[in-house]
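See structure below.
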Number of protein chains: 2
Amino acid sequence: MSQTSKNTTYHHGNLRTALLNAARELAAENTIDTITLREVARRAGVSHAAPYHHFADKRALLRALAIDAFTELGKRIKEQWQTNPVQNLKAIGMVYVQFALSHPTEFRFMFRKTLCEPVGTPDELTEIANSIFEMLISIIRTMQETGLAKAGNPQELALIVWSTIHGLSNLLIDAPIAPQPIPDGFLEYQIGLAQKMLLQGLFIRD
Amino acid sequence: MSQTSKNTTYHHGNLRTALLNAARELAAENTIDTITLREVARRAGVSHAAPYHHFADKRALLRALAIDAFTELGKRIKEQWQTNPVQNLKAIGMVYVQFALSHPTEFRFMFRKTLCEPVGTPDELTEIANSIFEMLISIIRTMQETGLAKAGNPQELALIVWSTIHGLSNLLIDAPIAPQPIPDGFLEYQIGLAQKMLLQGLFIRD
DNA sequence: ACGATAATCTTACCATTGTCAAGTTCCAAG
DNA sequence: CTTGGAACTTGACAATGGTAAGATTATCGT
């Protein structure tokens with residue numbers, strides 16, 4: 001049906017991206033959590049075995065999807081981070097939660113330990129996660145240098161910050177407690193609240 | 001092989017719980033996220049169609065698993081909550097994160113929207129989640145009454161608190177950033193840190 | 001006590017899926 | 001042009017979730 005990429009070259013232009021697009025399309029139709037490889041192939045208009053020439057197996061396809069999504073999220077965060085590190089902690093939170101809400105399926109895959117390579121192998125997913133983590137850490141560090149945050153291991157403080165944003169995202173996506181659908185201004189307000197709480201919290205001295 | 005329940009009555013004692021135990025056993029062998037219904041039946045020593053007399057389908061089995069786990073977590077939280085609501089906010093966090101770390105598979109299932117009943121149906125999973133949420137809210141409320149927290153919608157404040165704990169749990173379980181394995185005292189420290197930050201944050205006035 | 005009835009479990013089957021092995025088509029370089 | 005290798009297809013396999021129909025056992029009214 002929906003030939004995602006209309007490359008008339010009948011060695012089917014560039015599959016791989018066509019497959020990824022089809023997978024994304026499937027992910028968007030968030031009915032269940034079953035992205036089937038065969039359906040992906042079907043939507044890309046190729047046979048069910050074609051994907052194996054571009055991805056080792058289903059996990060590899062999903063991992064590629066997760067990496068793309070994680071990369072995109074990283075880019076958005078970096079934009080905010082570069083503008084004004086400290087001030088935009090809230091903006092980063094917004095970007096994060098909004099991404100999770102608009103791409104829930106990909107967001108879940110991004111944090112699927114089973115998708116990572118076996119330990120030892122350099123894992124792209126890990127790298128991106130770390131680079132995001134580094135940004136958070138550098139924010140804390142800057143705040144400490146300018147006297148905006150208490151002394152302490154910035155890594156540990158950043159982990160709490162990330163936890164709050166990440167947890168909010170997860171709860172809004174999957175927990176049966178959040179208002180459904182999410183009312184206007186809700187995100188803005190909650191994230192603002194979180195920011196205030198955390199910023200204040202960063203002042204604590206043992 | 002491992003007849004989880006040795007009821008010699010060969011109308012197989014009480015399956016259902018035997019099936020759930022087998023499923024838990026499978027969940028503990030956290031190799032992949034595939035708990036297969038047939039394997040569950042195999043471990044319980046019955047045919048692959050037997051489970052369908054106790055659970056409508058695979059989702060129902062997993063939902064039952066999630067409900068059991070969520071109930072257990074609720075119990076543990078309640079224990080801490082009853083002892084000393086405000087003081088034990090940290091204890092609640094510990095209980096929460098420790099549960100997530102010791103039962104990662106069940107924890108993930110507990111927050112799987114696809115496991116919930118269709119909207120409208122009274123959903124047991126939702127009820128338990130709400131009862132936990134209520135406890136958090138009541139803590140905030142108590143703090144407000146005793147002047148320990150700022151005025152404001154306790155629901156919104158509780159959501160941030162839960163987010164932090166929940167996010168930390170998720171990151172530790174699934175994110176490729178946490179130290180692996182988790183060193184002694186790490187949880188204790190991080191959760192203490194989170195508590196301090198949040199408690200301080202609860203003082204903020206707009 | 002006993003026979004009907006319903007619950008429990010089994011066997012047999014189906015469509016679908018992930019994966020692989022072997023063939024087929026097609027681009028591209030010698 | 002032909003020859004090699006990449007991209008794709010066809011066809012198979014075992015495993016899975018699910019259903020239907022039959023066998024077995026418990027339960028209950030009489």
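Quick note on naming: the chains in the structure tokens go A, B, ... in the order shown, residues restart at 1 in each chain, and ligands are numbered from 1 in order of appearance.
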
Counting only C-alpha atoms, what are the residues of chain B within 8 Å of chain A, and for each of them which pair of atoms is the nearest and at what distance in Å, to one decimal? Sort the table by chain and rising number, as CSV.
residue,atom,partner,partner_atom,distance
B:Ile32,CA,A:Thr114,CA,6.6
B:Asp33,CA,A:Thr114,CA,7.7
B:Phe111,CA,A:Asp174,CA,5.5
B:Arg112,CA,A:Asp174,CA,5.9
B:Lys113,CA,A:Asp174,CA,5.1
B:Thr114,CA,A:Ile32,CA,6.5
B:Leu125,CA,A:Pro176,CA,7.7
B:Thr126,CA,A:Pro176,CA,5.3
B:Ala129,CA,A:Ile177,CA,6.8
B:Asn130,CA,A:Ile177,CA,6.3
B:Phe133,CA,A:Ile177,CA,7.8
B:Glu156,CA,A:Gln190,CA,6.9
B:Leu157,CA,A:Leu193,CA,7.8
B:Leu159,CA,A:Leu168,CA,7.7
B:Ile160,CA,A:Ala194,CA,6.1
B:Val161,CA,A:Thr164,CA,7.9
B:Trp162,CA,A:Gly167,CA,7.6
B:Ser163,CA,A:Gly167,CA,4.2
B:Thr164,CA,A:Thr164,CA,3.9
B:Ile165,CA,A:Ser163,CA,7.2
B:His166,CA,A:Gly167,CA,5.1
B:Gly167,CA,A:Gly167,CA,3.4
B:Leu168,CA,A:Ser163,CA,4.7
B:Asn170,CA,A:Gly167,CA,7.4
B:Leu171,CA,A:Ser163,CA,6.9
B:Asp174,CA,A:Lys113,CA,5.1
B:Ala175,CA,A:Phe111,CA,5.7
B:Pro176,CA,A:Thr126,CA,5.3
B:Ile177,CA,A:Asn130,CA,6.3
B:Gln190,CA,A:Glu156,CA,6.9
B:Leu193,CA,A:Leu157,CA,7.8
B:Ala194,CA,A:Ile160,CA,6.1
B:Lys196,CA,A:Gly201,CA,6.7
B:Met197,CA,A:Gly201,CA,3.6
B:Leu198,CA,A:Gly201,CA,6.0
B:Leu199,CA,A:Gly201,CA,7.5
B:Gln200,CA,A:Gly201,CA,5.1
B:Gly201,CA,A:Met197,CA,3.6
B:Leu202,CA,A:Met197,CA,6.3
B:Ile204,CA,A:Met197,CA,6.9

Item to check | Interface residues on chain B facing chain C, 12 Å, only C-alpha atoms (C1' of nucleotides), written as a ChimeraX atom specification | outcome: /B:10-16,41,45-54

Item to check | At most 12 Å to chain B: residues in chain D, only C-alpha atoms (C1' of nucleotides), as a PyMOL selection string | outcome: chain D and resi 15-20+24-26

Next on the checklist: Env of A:Leu62: 9 Å cut, atoms = only C-alpha atoms (C1' of nucleotides), seq-sep filter 5 positions within chain, self excluded. Answer as a count of residues only.
Outcome noted: 8

Item to check | Spatial neighbours of A:Phe99, max dist 12 Å, only C-alpha atoms (C1' of nucleotides), sep filter under 2 positions, as a ChimeraX atom specification | outcome: /A:69-77,92-97,101-108,110,165-166,169-170,172-173,187

Using the selection just defined, write its residues with N, CA and C atoms as a CSV table (one decimal), in the first residue's frame.
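Result written to part27.csv:
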chain,number,residue,atom,x,y,z
A,69,ALA,N,16.0,7.7,17.3
A,69,ALA,CA,15.2,8.5,18.2
A,69,ALA,C,16.0,9.2,19.2
A,70,PHE,N,16.9,8.4,19.8
A,70,PHE,CA,17.8,8.9,20.9
A,70,PHE,C,18.7,10.1,20.3
A,71,THR,N,19.1,9.9,19.1
A,71,THR,CA,19.9,10.9,18.5
A,71,THR,C,19.1,12.2,18.3
A,72,GLU,N,17.9,12.1,17.8
A,72,GLU,CA,17.1,13.2,17.7
A,72,GLU,C,16.8,13.9,19.0
A,73,LEU,N,16.5,13.2,20.0
A,73,LEU,CA,16.3,13.8,21.3
A,73,LEU,C,17.5,14.5,21.8
A,74,GLY,N,18.7,13.8,21.6
A,74,GLY,CA,19.9,14.4,22.0
A,74,GLY,C,20.1,15.8,21.3
A,75,LYS,N,19.8,15.8,20.0
A,75,LYS,CA,19.9,17.1,19.3
A,75,LYS,C,19.1,18.2,19.9
A,76,ARG,N,17.8,17.8,20.2
A,76,ARG,CA,16.9,18.8,20.7
A,76,ARG,C,17.4,19.3,22.1
A,77,ILE,N,17.9,18.4,22.9
A,77,ILE,CA,18.4,18.8,24.2
A,77,ILE,C,19.6,19.7,24.0
A,92,ILE,N,14.9,22.1,28.7
A,92,ILE,CA,15.4,20.7,28.4
A,92,ILE,C,14.3,19.7,28.9
A,93,GLY,N,13.8,20.0,30.1
A,93,GLY,CA,12.7,19.1,30.6
A,93,GLY,C,11.5,19.1,29.7
A,94,MET,N,11.1,20.2,29.2
A,94,MET,CA,10.0,20.3,28.2
A,94,MET,C,10.3,19.5,27.0
A,95,VAL,N,11.4,19.7,26.4
A,95,VAL,CA,11.8,19.0,25.2
A,95,VAL,C,11.8,17.5,25.5
A,96,TYR,N,12.3,17.1,26.6
A,96,TYR,CA,12.4,15.7,27.0
A,96,TYR,C,11.0,15.0,27.1
A,97,VAL,N,10.2,15.7,27.9
A,97,VAL,CA,8.8,15.1,28.1
A,97,VAL,C,8.0,15.2,26.9
A,101,LEU,N,6.1,12.1,25.0
A,101,LEU,CA,4.7,12.0,24.7
A,101,LEU,C,4.4,11.9,23.2
A,102,SER,N,5.2,12.5,22.4
A,102,SER,CA,4.9,12.4,21.0
A,102,SER,C,5.5,11.2,20.3
A,103,HIS,N,6.4,10.5,20.9
A,103,HIS,CA,7.0,9.3,20.3
A,103,HIS,C,7.1,8.2,21.4
A,104,PRO,N,6.0,7.9,22.0
A,104,PRO,CA,6.0,7.0,23.2
A,104,PRO,C,6.7,5.6,22.9
A,105,THR,N,6.4,5.1,21.7
A,105,THR,CA,6.9,3.8,21.4
A,105,THR,C,8.4,3.8,21.3
A,106,GLU,N,8.9,4.8,20.5
A,106,GLU,CA,10.4,4.9,20.3
A,106,GLU,C,11.0,5.2,21.7
A,107,PHE,N,10.3,6.0,22.5
A,107,PHE,CA,10.9,6.4,23.8
A,107,PHE,C,11.1,5.1,24.6
A,108,ARG,N,10.1,4.2,24.6
A,108,ARG,CA,10.3,3.0,25.4
A,108,ARG,C,11.4,2.1,24.9
A,110,MET,N,14.1,3.2,23.5
A,110,MET,CA,15.3,3.8,23.8
A,110,MET,C,15.9,3.3,25.1
A,165,ILE,N,12.8,14.1,35.4
A,165,ILE,CA,12.3,14.3,34.1
A,165,ILE,C,11.9,13.0,33.5
A,166,HIS,N,12.8,12.0,33.6
A,166,HIS,CA,12.5,10.7,33.0
A,166,HIS,C,11.3,10.1,33.6
A,169,SER,N,8.1,11.7,32.5
A,169,SER,CA,7.8,11.2,31.1
A,169,SER,C,7.2,9.8,31.2
A,170,ASN,N,7.8,8.9,31.9
A,170,ASN,CA,7.3,7.5,32.0
A,170,ASN,C,5.9,7.5,32.6
A,172,LEU,N,3.7,9.8,32.7
A,172,LEU,CA,2.7,10.4,31.8
A,172,LEU,C,2.3,9.4,30.6
A,173,ILE,N,3.3,8.7,30.2
A,173,ILE,CA,3.1,7.8,29.1
A,173,ILE,C,2.4,6.6,29.5
A,187,LEU,N,1.8,20.3,31.2
A,187,LEU,CA,3.3,20.1,31.1
A,187,LEU,C,4.1,21.3,31.6

Item to check | Those in stretch 4-185 of chain A with alpha helix (DSSP H) from DSSP, as a PyMOL selection string | outcome: chain A and resi 17-28+37-44+58-83+89-102+104-110+124-145+154-174

Checklist entry - What is the atom CA of A:Glu117 to atom CA of A:Arg59 distance in Å? => result 9.9 Å
